[in-house]
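To be precise, the following lines are my_file27.pdb, and they hold PDB, C-alpha atoms.
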```pdb
ATOM      1  CA  MET P   1     -52.670-129.651  36.703
ATOM      2  CA  GLU P   2     -51.640-128.314  40.093
ATOM      3  CA  ASN P   3     -48.175-128.450  41.549
ATOM      4  CA  ASN P   4     -47.092-131.767  42.961
ATOM      5  CA  PRO P   5     -46.809-131.287  46.764
ATOM      6  CA  GLU P   6     -43.460-133.091  46.692
ATOM      7  CA  GLU P   7     -42.110-130.501  44.234
ATOM      8  CA  THR P   8     -42.844-127.648  46.663
ATOM      9  CA  LEU P   9     -40.547-129.032  49.347
ATOM     10  CA  LYS P  10     -37.486-127.469  47.756
ATOM     11  CA  PRO P  11     -36.874-124.232  45.823
ATOM     12  CA  THR P  12     -36.817-124.334  42.020
ATOM     13  CA  TYR P  13     -33.273-122.933  42.197
ATOM     14  CA  PRO P  14     -30.859-123.764  45.040
ATOM     15  CA  ASP P  15     -29.870-120.753  47.140
ATOM     16  CA  GLU P  16     -26.143-120.206  46.577
ATOM     17  CA  LYS P  17     -23.712-117.959  48.432
ATOM     18  CA  ILE P  18     -22.307-114.788  46.896
ATOM     19  CA  SER P  19     -18.782-115.499  45.640
ATOM     20  CA  ASN P  20     -17.831-112.035  44.363
ATOM     21  CA  TYR P  21     -19.221-109.201  46.497
ATOM     22  CA  PRO P  22     -17.840-106.249  44.453
ATOM     23  CA  MET P  23     -19.413-107.651  41.260
ATOM     24  CA  TYR P  24     -22.636-108.387  43.142
ATOM     25  CA  VAL P  25     -22.831-104.740  44.261
ATOM     26  CA  LEU P  26     -22.145-103.536  40.708
ATOM     27  CA  HIS P  27     -24.993-105.714  39.434
ATOM     28  CA  ILE P  28     -27.369-104.209  41.991
ATOM     29  CA  ILE P  29     -26.294-100.687  41.005
ATOM     30  CA  GLY P  30     -26.939-101.586  37.363
ATOM     31  CA  LYS P  31     -30.360-102.933  38.311
ATOM     32  CA  LEU P  32     -31.243 -99.721  40.177
ATOM     33  CA  ILE P  33     -30.160 -97.623  37.186
ATOM     34  CA  ALA P  34     -32.317 -99.814  34.946
ATOM     35  CA  LEU P  35     -35.349 -99.358  37.211
ATOM     36  CA  LEU P  36     -34.828 -95.592  37.166
ATOM     37  CA  LEU P  37     -34.596 -95.562  33.363
ATOM     38  CA  PHE P  38     -37.699 -97.743  33.122
ATOM     39  CA  GLY P  39     -39.658 -95.319  35.297
ATOM     40  CA  ILE P  40     -38.485 -92.248  33.373
ATOM     41  CA  GLY P  41     -39.190 -93.957  30.045
ATOM     42  CA  THR P  42     -42.702 -94.927  31.127
ATOM     43  CA  ILE P  43     -43.490 -91.368  32.200
ATOM     44  CA  LEU P  44     -42.161 -89.899  28.938
ATOM     45  CA  LEU P  45     -44.112 -92.476  26.944
ATOM     46  CA  THR P  46     -47.396 -91.492  28.580
ATOM     47  CA  ILE P  47     -46.995 -87.696  28.731
ATOM     48  CA  VAL P  48     -45.113 -87.125  25.452
ATOM     49  CA  CYS P  49     -45.559 -90.022  23.024
ATOM     50  CA  PHE P  50     -49.190 -90.860  23.753
ATOM     51  CA  PRO P  51     -50.518 -87.353  22.957
ATOM     52  CA  ILE P  52     -48.459 -87.190  19.741
ATOM     53  CA  PHE P  53     -49.640 -90.616  18.555
ATOM     54  CA  LYS P  54     -53.256 -89.737  19.389
ATOM     55  CA  LEU P  55     -52.969 -86.720  17.121
ATOM     56  CA  LEU P  56     -51.530 -88.895  14.348
ATOM     57  CA  TYR P  57     -53.942 -91.813  14.769
ATOM     58  CA  HIS P  58     -57.505 -90.855  15.705
ATOM     59  CA  ASP P  59     -58.817 -94.393  15.426
ATOM     60  CA  LYS P  60     -58.146 -96.227  18.695
ATOM     61  CA  LYS P  61     -57.200 -99.469  16.946
ATOM     62  CA  GLU P  62     -54.637 -97.666  14.798
ATOM     63  CA  PHE P  63     -53.314 -95.829  17.844
ATOM     64  CA  ARG P  64     -52.797 -99.113  19.686
ATOM     65  CA  TYR P  65     -51.212-100.817  16.691
ATOM     66  CA  HIS P  66     -48.588 -98.139  16.045
ATOM     67  CA  THR P  67     -47.922 -97.243  19.682
ATOM     68  CA  ARG P  68     -47.345-100.901  20.559
ATOM     69  CA  TYR P  69     -44.707-100.995  17.854
ATOM     70  CA  LEU P  70     -43.058 -97.992  19.512
ATOM     71  CA  VAL P  71     -43.111 -99.865  22.846
ATOM     72  CA  TYR P  72     -41.507-102.853  21.096
ATOM     73  CA  VAL P  73     -38.700-100.593  19.829
ATOM     74  CA  LEU P  74     -38.261 -98.975  23.246
ATOM     75  CA  PHE P  75     -38.148-102.318  25.034
ATOM     76  CA  ASN P  76     -35.600-103.583  22.531
ATOM     77  CA  GLY P  77     -33.463-100.589  23.428
ATOM     78  CA  PHE P  78     -34.108-101.101  27.124
ATOM     79  CA  MET P  79     -32.982-104.722  26.904
ATOM     80  CA  GLY P  80     -29.835-103.532  25.135
ATOM     81  CA  ILE P  81     -29.164-101.141  28.014
ATOM     82  CA  LEU P  82     -29.671-103.947  30.528
ATOM     83  CA  TYR P  83     -27.111-106.007  28.657
ATOM     84  CA  VAL P  84     -24.575-103.156  28.671
ATOM     85  CA  LEU P  85     -25.197-102.577  32.393
ATOM     86  CA  GLY P  86     -24.547-106.249  33.060
ATOM     87  CA  VAL P  87     -28.078-106.791  34.356
ATOM     88  CA  SER P  88     -29.488-109.328  31.885
ATOM     89  CA  LYS P  89     -29.314-110.998  28.514
ATOM     90  CA  ILE P  90     -31.811-112.873  26.366
ATOM     91  CA  LYS P  91     -31.340-116.175  24.553
ATOM     92  CA  VAL P  92     -33.912-117.597  22.103
ATOM     93  CA  ASN P  93     -33.815-121.061  20.590
ATOM     94  CA  LYS P  94     -35.882-120.148  17.468
ATOM     95  CA  LYS P  95     -35.226-116.503  16.593
ATOM     96  CA  ASN P  96     -36.424-116.702  12.972
ATOM     97  CA  TYR P  97     -39.589-118.472  14.086
ATOM     98  CA  LEU P  98     -40.543-115.537  16.286
ATOM     99  CA  LYS P  99     -39.959-113.001  13.517
ATOM    100  CA  ASN P 100     -42.522-114.666  11.261
ATOM    101  CA  LEU P 101     -45.100-115.506  13.916
ATOM    102  CA  LYS P 102     -48.571-114.044  13.310
ATOM    103  CA  SER P 103     -52.076-114.512  14.718
ATOM    104  CA  ALA P 104     -50.913-116.653  17.624
ATOM    105  CA  ILE P 105     -51.314-116.732  21.392
ATOM    106  CA  ILE P 106     -48.002-116.964  23.223
ATOM    107  CA  VAL P 107     -48.166-118.413  26.731
ATOM    108  CA  ALA P 108     -45.242-118.523  29.134
ATOM    109  CA  ASN P 109     -44.330-119.318  32.704
ATOM    110  CA  HIS P 110     -43.722-116.249  34.849
ATOM    111  CA  PRO P 111     -40.583-116.413  37.040
ATOM    112  CA  ALA P 112     -39.703-112.675  37.115
ATOM    113  CA  TYR P 113     -41.180-109.196  36.773
ATOM    114  CA  LEU P 114     -39.020-108.548  33.683
ATOM    115  CA  ASP P 115     -40.861-111.306  31.789
ATOM    116  CA  SER P 116     -43.332-108.903  30.164
ATOM    117  CA  PRO P 117     -40.694-106.476  28.781
ATOM    118  CA  VAL P 118     -38.615-109.464  27.638
ATOM    119  CA  MET P 119     -41.558-110.974  25.752
ATOM    120  CA  ILE P 120     -42.777-107.676  24.275
ATOM    121  CA  SER P 121     -39.251-106.938  23.040
ATOM    122  CA  ARG P 122     -39.367-110.110  20.898
ATOM    123  CA  PHE P 123     -42.617-109.339  19.017
ATOM    124  CA  PRO P 124     -43.114-106.171  16.894
ATOM    125  CA  HIS P 125     -46.913-106.221  17.127
ATOM    126  CA  THR P 126     -48.118-107.887  20.271
ATOM    127  CA  SER P 127     -50.708-107.269  22.917
ATOM    128  CA  ILE P 128     -50.359-108.552  26.437
ATOM    129  CA  ILE P 129     -52.993-109.594  28.938
ATOM    130  CA  ALA P 130     -51.615-108.107  32.132
ATOM    131  CA  LYS P 131     -52.287-108.517  35.818
ATOM    132  CA  ALA P 132     -55.204-106.285  36.861
ATOM    133  CA  ALA P 133     -53.171-104.590  39.613
ATOM    134  CA  LEU P 134     -50.902-103.049  36.951
ATOM    135  CA  SER P 135     -53.880-101.228  35.438
ATOM    136  CA  LYS P 136     -54.631 -99.374  38.664
ATOM    137  CA  LYS P 137     -52.404 -97.236  40.882
ATOM    138  CA  ASN P 138     -49.099 -98.179  39.329
ATOM    139  CA  ILE P 139     -46.534 -96.424  37.126
ATOM    140  CA  MET P 140     -47.584 -98.763  34.297
ATOM    141  CA  HIS P 141     -51.334 -98.191  34.607
ATOM    142  CA  ALA P 142     -51.639 -95.717  31.709
ATOM    143  CA  VAL P 143     -49.661 -97.995  29.361
ATOM    144  CA  ILE P 144     -51.699-101.073  30.328
ATOM    145  CA  ASN P 145     -55.054 -99.313  30.012
ATOM    146  CA  GLU P 146     -54.248 -97.591  26.719
ATOM    147  CA  LEU P 147     -52.424-100.351  24.854
ATOM    148  CA  TYR P 148     -52.973-103.712  26.474
ATOM    149  CA  MET P 149     -55.630-105.736  28.295
ATOM    150  CA  PRO P 150     -55.875-106.116  32.087
ATOM    151  CA  ASN P 151     -57.131-109.558  33.063
ATOM    152  CA  SER P 152     -59.910-107.885  35.074
ATOM    153  CA  LEU P 153     -61.815-107.061  31.872
ATOM    154  CA  PRO P 154     -65.077-108.986  31.401
ATOM    155  CA  TYR P 155     -64.344-112.088  29.350
ATOM    156  CA  GLU P 156     -66.599-110.944  26.488
ATOM    157  CA  VAL P 157     -64.732-107.622  26.193
ATOM    158  CA  LEU P 158     -61.339-109.303  26.428
ATOM    159  CA  LEU P 159     -62.313-111.881  23.785
ATOM    160  CA  GLU P 160     -63.574-109.208  21.379
ATOM    161  CA  ARG P 161     -60.332-107.247  21.639
ATOM    162  CA  ALA P 162     -58.304-110.451  21.298
ATOM    163  CA  LYS P 163     -60.214-111.333  18.128
ATOM    164  CA  GLU P 164     -59.472-107.887  16.675
ATOM    165  CA  ASP P 165     -55.757-108.226  17.385
ATOM    166  CA  LEU P 166     -55.452-111.766  16.086
ATOM    167  CA  ALA P 167     -57.443-110.982  12.921
ATOM    168  CA  ARG P 168     -54.907-108.249  12.166
ATOM    169  CA  GLY P 169     -52.041-110.720  12.448
ATOM    170  CA  ASN P 170     -50.921-109.572  15.882
ATOM    171  CA  THR P 171     -49.807-111.902  18.634
ATOM    172  CA  ILE P 172     -51.086-111.976  22.208
ATOM    173  CA  VAL P 173     -48.856-112.764  25.188
ATOM    174  CA  MET P 174     -50.449-114.382  28.233
ATOM    175  CA  PHE P 175     -49.088-115.720  31.516
ATOM    176  CA  PRO P 176     -51.536-118.479  32.537
ATOM    177  CA  GLU P 177     -50.367-118.379  36.151
ATOM    178  CA  GLY P 178     -51.846-114.882  36.431
ATOM    179  CA  THR P 179     -48.977-113.743  38.647
ATOM    180  CA  ARG P 180     -45.293-114.529  39.150
ATOM    181  CA  SER P 181     -44.284-118.059  40.090
ATOM    182  CA  THR P 182     -43.399-118.830  43.670
ATOM    183  CA  LEU P 183     -39.918-119.671  44.932
ATOM    184  CA  TYR P 184     -40.960-123.333  44.881
ATOM    185  CA  GLY P 185     -42.410-123.562  41.369
ATOM    186  CA  GLN P 186     -45.298-122.524  39.191
ATOM    187  CA  ASN P 187     -48.815-121.641  40.270
ATOM    188  CA  ARG P 188     -52.011-123.235  39.048
ATOM    189  CA  TYR P 189     -52.688-122.395  35.377
ATOM    190  CA  LYS P 190     -55.851-120.480  34.480
ATOM    191  CA  LYS P 191     -57.906-121.414  31.406
ATOM    192  CA  GLY P 192     -58.056-117.955  29.751
ATOM    193  CA  ALA P 193     -55.509-118.663  27.012
ATOM    194  CA  ALA P 194     -57.195-121.946  26.097
ATOM    195  CA  ARG P 195     -60.619-120.289  25.962
ATOM    196  CA  VAL P 196     -59.366-117.551  23.631
ATOM    197  CA  ALA P 197     -57.613-120.105  21.400
ATOM    198  CA  LEU P 198     -60.732-122.284  21.163
ATOM    199  CA  ALA P 199     -62.921-119.249  20.393
ATOM    200  CA  THR P 200     -60.607-117.874  17.689
ATOM    201  CA  GLY P 201     -59.045-121.038  16.252
ATOM    202  CA  CYS P 202     -55.565-119.543  16.708
ATOM    203  CA  PRO P 203     -52.656-121.705  17.885
ATOM    204  CA  ILE P 204     -51.035-121.430  21.290
ATOM    205  CA  ILE P 205     -47.236-121.193  21.290
ATOM    206  CA  PRO P 206     -45.805-122.234  24.672
ATOM    207  CA  VAL P 207     -42.581-120.483  25.694
ATOM    208  CA  TYR P 208     -40.596-121.675  28.679
ATOM    209  CA  ILE P 209     -38.604-118.876  30.316
ATOM    210  CA  GLY P 210     -35.524-120.573  31.702
ATOM    211  CA  GLY P 211     -32.000-119.397  32.443
ATOM    212  CA  ASN P 212     -30.452-118.770  35.809
ATOM    213  CA  CYS P 213     -32.004-117.849  39.158
ATOM    214  CA  LYS P 214     -34.054-114.623  39.064
ATOM    215  CA  LYS P 215     -33.382-113.674  42.681
ATOM    216  CA  GLY P 216     -34.305-110.016  43.109
ATOM    217  CA  LEU P 217     -36.991-110.231  40.401
ATOM    218  CA  ARG P 218     -39.160-112.965  41.894
ATOM    219  CA  LYS P 219     -42.346-112.538  43.865
ATOM    220  CA  GLY P 220     -41.531-111.357  47.367
ATOM    221  CA  ASP P 221     -37.866-110.590  46.662
ATOM    222  CA  LYS P 222     -36.186-107.376  47.783
ATOM    223  CA  VAL P 223     -34.980-104.726  45.335
ATOM    224  CA  LEU P 224     -31.428-104.896  46.728
ATOM    225  CA  GLU P 225     -30.991-108.549  45.787
ATOM    226  CA  PHE P 226     -29.475-110.087  42.683
ATOM    227  CA  ALA P 227     -28.630-113.454  41.155
ATOM    228  CA  THR P 228     -25.484-114.919  42.699
ATOM    229  CA  LYS P 229     -24.235-116.261  39.324
ATOM    230  CA  GLY P 230     -23.984-112.926  37.553
ATOM    231  CA  ARG P 231     -26.376-111.246  35.147
ATOM    232  CA  TYR P 232     -29.899-112.571  34.708
ATOM    233  CA  VAL P 233     -30.255-114.900  31.736
ATOM    234  CA  PHE P 234     -33.675-115.230  30.097
ATOM    235  CA  ASP P 235     -33.453-118.421  28.055
ATOM    236  CA  LEU P 236     -36.615-118.525  25.913
ATOM    237  CA  GLN P 237     -37.433-122.030  24.732
ATOM    238  CA  ILE P 238     -40.093-121.938  21.998
ATOM    239  CA  LYS P 239     -42.160-125.120  22.018
ATOM    240  CA  ASP P 240     -44.289-126.734  19.316
ATOM    241  CA  PRO P 241     -47.762-125.183  18.860
ATOM    242  CA  VAL P 242     -50.785-126.487  20.721
ATOM    243  CA  LEU P 243     -53.625-126.444  18.189
ATOM    244  CA  PRO P 244     -57.271-125.939  19.153
ATOM    245  CA  GLU P 245     -58.273-128.493  16.481
ATOM    246  CA  GLU P 246     -56.934-131.212  18.773
ATOM    247  CA  PHE P 247     -59.829-130.527  21.151
ATOM    248  CA  LYS P 248     -62.627-129.611  18.702
ATOM    249  CA  ASP P 249     -64.714-132.729  19.440
ATOM    250  CA  LEU P 250     -64.893-132.002  23.169
ATOM    251  CA  PRO P 251     -67.411-129.786  24.998
ATOM    252  CA  GLU P 252     -65.993-126.272  25.437
ATOM    253  CA  ALA P 253     -65.402-126.499  29.195
ATOM    254  CA  ILE P 254     -63.640-129.859  28.935
ATOM    255  CA  ALA P 255     -61.646-128.728  25.891
ATOM    256  CA  ALA P 256     -60.386-125.642  27.769
ATOM    257  CA  LYS P 257     -59.438-127.783  30.762
ATOM    258  CA  ARG P 258     -57.589-130.372  28.661
ATOM    259  CA  MET P 259     -55.804-127.727  26.602
ATOM    260  CA  THR P 260     -54.697-125.881  29.739
ATOM    261  CA  GLN P 261     -53.456-129.129  31.242
ATOM    262  CA  LYS P 262     -51.402-129.855  28.117
ATOM    263  CA  ILE P 263     -49.858-126.361  28.213
ATOM    264  CA  ARG P 264     -49.055-126.785  31.911
ATOM    265  CA  GLU P 265     -47.312-130.092  31.206
ATOM    266  CA  ILE P 266     -45.287-128.589  28.337
ATOM    267  CA  LEU P 267     -44.195-125.622  30.467
ATOM    268  CA  SER P 268     -43.716-127.449  33.763
ATOM    269  CA  ASP P 269     -40.416-126.939  35.553
ATOM    270  CA  ASP P 270     -39.842-130.691  35.605
ATOM    271  CA  ALA P 271     -40.174-130.967  31.819
ATOM    272  CA  ASN P 272     -37.727-128.074  31.343
ATOM    273  CA  ALA P 273     -35.134-128.775  34.025
ATOM    274  CA  GLN P 274     -32.326-128.722  31.419
ATOM    275  CA  TYR P 275     -33.077-125.043  30.670
ATOM    276  CA  ARG P 276     -32.503-123.928  34.269
ATOM    277  CA  TYR P 277     -28.878-123.364  35.231
TER     278      TYR P 277
END
```

Rewrite the structure of this file - the entire thing - as structure tokens.
Amino acid sequence: MENNPEETLKPTYPDEKISNYPMYVLHIIGKLIALLLFGIGTILLTIVCFPIFKLLYHDKKEFRYHTRYLVYVLFNGFMGILYVLGVSKIKVNKKNYLKNLKSAIIVANHPAYLDSPVMISRFPHTSIIAKAALSKKNIMHAVINELYMPNSLPYEVLLERAKEDLARGNTIVMFPEGTRSTLYGQNRYKKGAARVALATGCPIIPVYIGGNCKKGLRKGDKVLEFATKGRYVFDLQIKDPVLPEEFKDLPEAIAAKRMTQKIREILSDDANAQYRY
């Protein structure tokens, strides 16, 4: 399902004026400190931790499994730092549900560039299918190429790695939009998550990322911008599973299309207006 043209006439969040300039500046300073720490942490992870873990775990699958857990721990700490700096906080409607989740594909809308760290910080053993650009000339390229899956991989390769992860009980995080949402709403959803679910028989868990306006983290925003209502709030709303069995009697192409459409409807901004504030 594509965006309704009428929905794109106005921004998802109204643009509000800054009411407290000193606090706004402090939030931007906190954000800049966070970006610096993220960059330093990424460099240390690749030049220090990766070599050590490769010595400990010669098998590539074992290396990925244990190093991803390290990234989960680091991102948990990073999110704690962001909270202390007044940059962001995370709310989850079903915390215990996430702790026990295994062999599932998590799909989410994509309003901000912190979505990936937020999602990874919630799951101890998760892989993420990331935007191809992050696997190239980018500070994150080594992490993406070593531990996760760029969406530029051939589908057969991506599916094989997804099967390995899911068979081990891991989760996989995917953003069906393929890139961050626009100021006016979500992009068209791609069928990759549905295809993987249908091929593996694993459930899809939709997660709507709500909260307040993510100004300064959205596509096209400037670094020296911040939400006018204070720290960023990532309100994760865990939805009921979408099961591939619901579509088993349909031809594969139609099943993937119908499943993707259902996910898009569940995660649409209209259906989740109460979680945006």

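Atom CA of P:Arg188 lies 15.2 Å from atom CA of P:Lys219.
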
Residues matched by the PyMOL selection byres ((chain P and resi 95-102) around 8), written as an MDAnalysis selection string | chainID P and resid 92:94 103:104 122:123 166 169:171

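Here atom CA of P:Pro251 and atom CA of P:Ser152 stand 25.2 Å from one another.
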
Evaluate the PyMOL selection byres ((chain P and resi 173) around 10) and report residues as a ChimeraX atom specification | /P:104-108,116,119-120,123,126-130,171-172,174-176,193,204-207

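Across P:Ile254, P:His110, P:Glu146, P:Leu82, the tightest approach to P:Pro51 is made by P:Glu146 when counting all atoms listed in the file.
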
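Evaluated on this file, the PyMOL selection byres ((chain P and resi 260) around 9) matches Met1, Pro176, Tyr189, Lys190, Lys191, Gly192, Ala193, Ala194, Arg195, Ala255, Ala256, Lys257, Arg258, Met259, Gln261, Lys262, Ile263, Arg264 and Glu265 of chain P.
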
Excluding P:Lys131 and residues on its chain fewer than 5 positions from it, collect all residues at most 10 Å away from it, counting all atoms listed in the file, and give them as JSON, numbers by chain.
-> {"P": [136, 144, 149, 150, 151, 152, 174, 175, 178, 179, 180]}

Generate the output file for the selected residues, C-alpha atoms, as a PDB file, keeping the file's coordinate frame.
```pdb
ATOM      1  CA  LYS P 136     -54.631 -99.374  38.664  1.00  0.00           C
ATOM      2  CA  ILE P 144     -51.699-101.073  30.328  1.00  0.00           C
ATOM      3  CA  MET P 149     -55.630-105.736  28.295  1.00  0.00           C
ATOM      4  CA  PRO P 150     -55.875-106.116  32.087  1.00  0.00           C
ATOM      5  CA  ASN P 151     -57.131-109.558  33.063  1.00  0.00           C
ATOM      6  CA  SER P 152     -59.910-107.885  35.074  1.00  0.00           C
ATOM      7  CA  MET P 174     -50.449-114.382  28.233  1.00  0.00           C
ATOM      8  CA  PHE P 175     -49.088-115.720  31.516  1.00  0.00           C
ATOM      9  CA  GLY P 178     -51.846-114.882  36.431  1.00  0.00           C
ATOM     10  CA  THR P 179     -48.977-113.743  38.647  1.00  0.00           C
ATOM     11  CA  ARG P 180     -45.293-114.529  39.150  1.00  0.00           C
TER      12      ARG P 180
END
```

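When only C-alpha atoms are used to compute distances to P:Ile47, the closest of the residues P:Ala142, P:Ile266, P:Met79, P:Leu26 turns out to be P:Ala142.
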
Need the neighbours of (-22.9, -107.5, 43.0): which residues are at most 10 Å away, counting only C-alpha atoms, as number ranges by chain?
-> P: 18-31, 224-231

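Shortest separation to P:Arg218 among P:Leu147, P:Tyr232, P:Phe75, P:Ala112 occurs at residue P:Ala112, atoms counted being all atoms listed in the file.
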
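Proximity of P:Leu250, P:Ala133, P:Ala162, P:Ile238 to P:Lys61, computed with all atoms listed in the file, is greatest for P:Ala162.
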
Hey, can you check how far atom CA of P:Pro203 sits from atom CA of P:Glu245?
-> 8.9 Å

P:Lys89 proximity check over P:Val223, P:Ala199, P:Val118, P:Val48, using only C-alpha atoms: winner is P:Val118

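Across P:Pro244, P:Pro154, P:Gly216, P:Pro111, the tightest approach to P:Thr12 is made by P:Pro111 when counting all atoms listed in the file.
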
Which polymer residues have any atom within 9 Å of an atom of P:Ala34, counting only C-alpha atoms, with same-chain residues fewer than 5 positions away left out, as a ChimeraX atom specification?
-> /P:29,39,78,81-82,85,87

Give as a ChimeraX atom specification every residue, naming chains and numbers as the document does, that has an atom within 12 Å of (-45.9, -91.9, 24.9), counting only C-alpha atoms.
-> /P:40-55,63-64,66-71,74,140,142-143,146-147

What are the closest atom pairs, with distances in Å to one decimal, for each residue of stretch 181-238 of chain P lying within 9 Å of stretch 269-273 of chain P, using all atoms listed in the file, rows by chain and rising residue number, as a Markdown table?
```
| residue | atom | partner | partner_atom | distance |
| --- | --- | --- | --- | --- |
| P:Gly185 | CA | P:Asp269 | CA | 7.0 |
| P:Gln186 | CA | P:Asp269 | CA | 7.5 |
| P:Tyr208 | CA | P:Asn272 | CA | 7.5 |
| P:Gly210 | CA | P:Asn272 | CA | 7.8 |
| P:Gln237 | CA | P:Asn272 | CA | 9.0 |
```

Assuming the input is short of atoms at stretch 143-155 of chain P, produce N, CA and C atoms for that part as a PDB file, in the coordinates of the input.
```pdb
ATOM      1  N   VAL P 143     -50.095 -97.163  30.490  1.00  0.00           N
ATOM      2  CA  VAL P 143     -49.661 -97.995  29.361  1.00  0.00           C
ATOM      3  C   VAL P 143     -50.560 -99.221  29.232  1.00  0.00           C
ATOM      4  N   ILE P 144     -50.852 -99.881  30.354  1.00  0.00           N
ATOM      5  CA  ILE P 144     -51.699-101.073  30.328  1.00  0.00           C
ATOM      6  C   ILE P 144     -53.098-100.728  29.833  1.00  0.00           C
ATOM      7  N   ASN P 145     -53.683 -99.666  30.366  1.00  0.00           N
ATOM      8  CA  ASN P 145     -55.054 -99.313  30.012  1.00  0.00           C
ATOM      9  C   ASN P 145     -55.187 -98.816  28.576  1.00  0.00           C
ATOM     10  N   GLU P 146     -54.179 -98.134  28.080  1.00  0.00           N
ATOM     11  CA  GLU P 146     -54.248 -97.591  26.719  1.00  0.00           C
ATOM     12  C   GLU P 146     -53.931 -98.636  25.649  1.00  0.00           C
ATOM     13  N   LEU P 147     -52.944 -99.485  25.916  1.00  0.00           N
ATOM     14  CA  LEU P 147     -52.424-100.351  24.854  1.00  0.00           C
ATOM     15  C   LEU P 147     -52.742-101.827  25.016  1.00  0.00           C
ATOM     16  N   TYR P 148     -52.870-102.276  26.240  1.00  0.00           N
ATOM     17  CA  TYR P 148     -52.973-103.712  26.474  1.00  0.00           C
ATOM     18  C   TYR P 148     -54.292-104.072  27.165  1.00  0.00           C
ATOM     19  N   MET P 149     -54.374-105.264  27.725  1.00  0.00           N
ATOM     20  CA  MET P 149     -55.630-105.736  28.295  1.00  0.00           C
ATOM     21  C   MET P 149     -55.413-106.254  29.717  1.00  0.00           C
ATOM     22  N   PRO P 150     -55.948-105.562  30.730  1.00  0.00           N
ATOM     23  CA  PRO P 150     -55.875-106.116  32.087  1.00  0.00           C
ATOM     24  C   PRO P 150     -56.761-107.350  32.190  1.00  0.00           C
ATOM     25  N   ASN P 151     -56.340-108.322  32.972  1.00  0.00           N
ATOM     26  CA  ASN P 151     -57.131-109.558  33.063  1.00  0.00           C
ATOM     27  C   ASN P 151     -58.403-109.401  33.883  1.00  0.00           C
ATOM     28  N   SER P 152     -58.662-108.160  34.353  1.00  0.00           N
ATOM     29  CA  SER P 152     -59.910-107.885  35.074  1.00  0.00           C
ATOM     30  C   SER P 152     -61.053-107.541  34.122  1.00  0.00           C
ATOM     31  N   LEU P 153     -60.759-107.361  32.833  1.00  0.00           N
ATOM     32  CA  LEU P 153     -61.815-107.061  31.872  1.00  0.00           C
ATOM     33  C   LEU P 153     -62.822-108.211  31.822  1.00  0.00           C
ATOM     34  N   PRO P 154     -64.114-107.904  31.611  1.00  0.00           N
ATOM     35  CA  PRO P 154     -65.077-108.986  31.401  1.00  0.00           C
ATOM     36  C   PRO P 154     -64.627-109.864  30.239  1.00  0.00           C
ATOM     37  N   TYR P 155     -64.849-111.152  30.361  1.00  0.00           N
ATOM     38  CA  TYR P 155     -64.344-112.088  29.350  1.00  0.00           C
ATOM     39  C   TYR P 155     -64.815-111.718  27.950  1.00  0.00           C
TER      40      TYR P 155
END
```
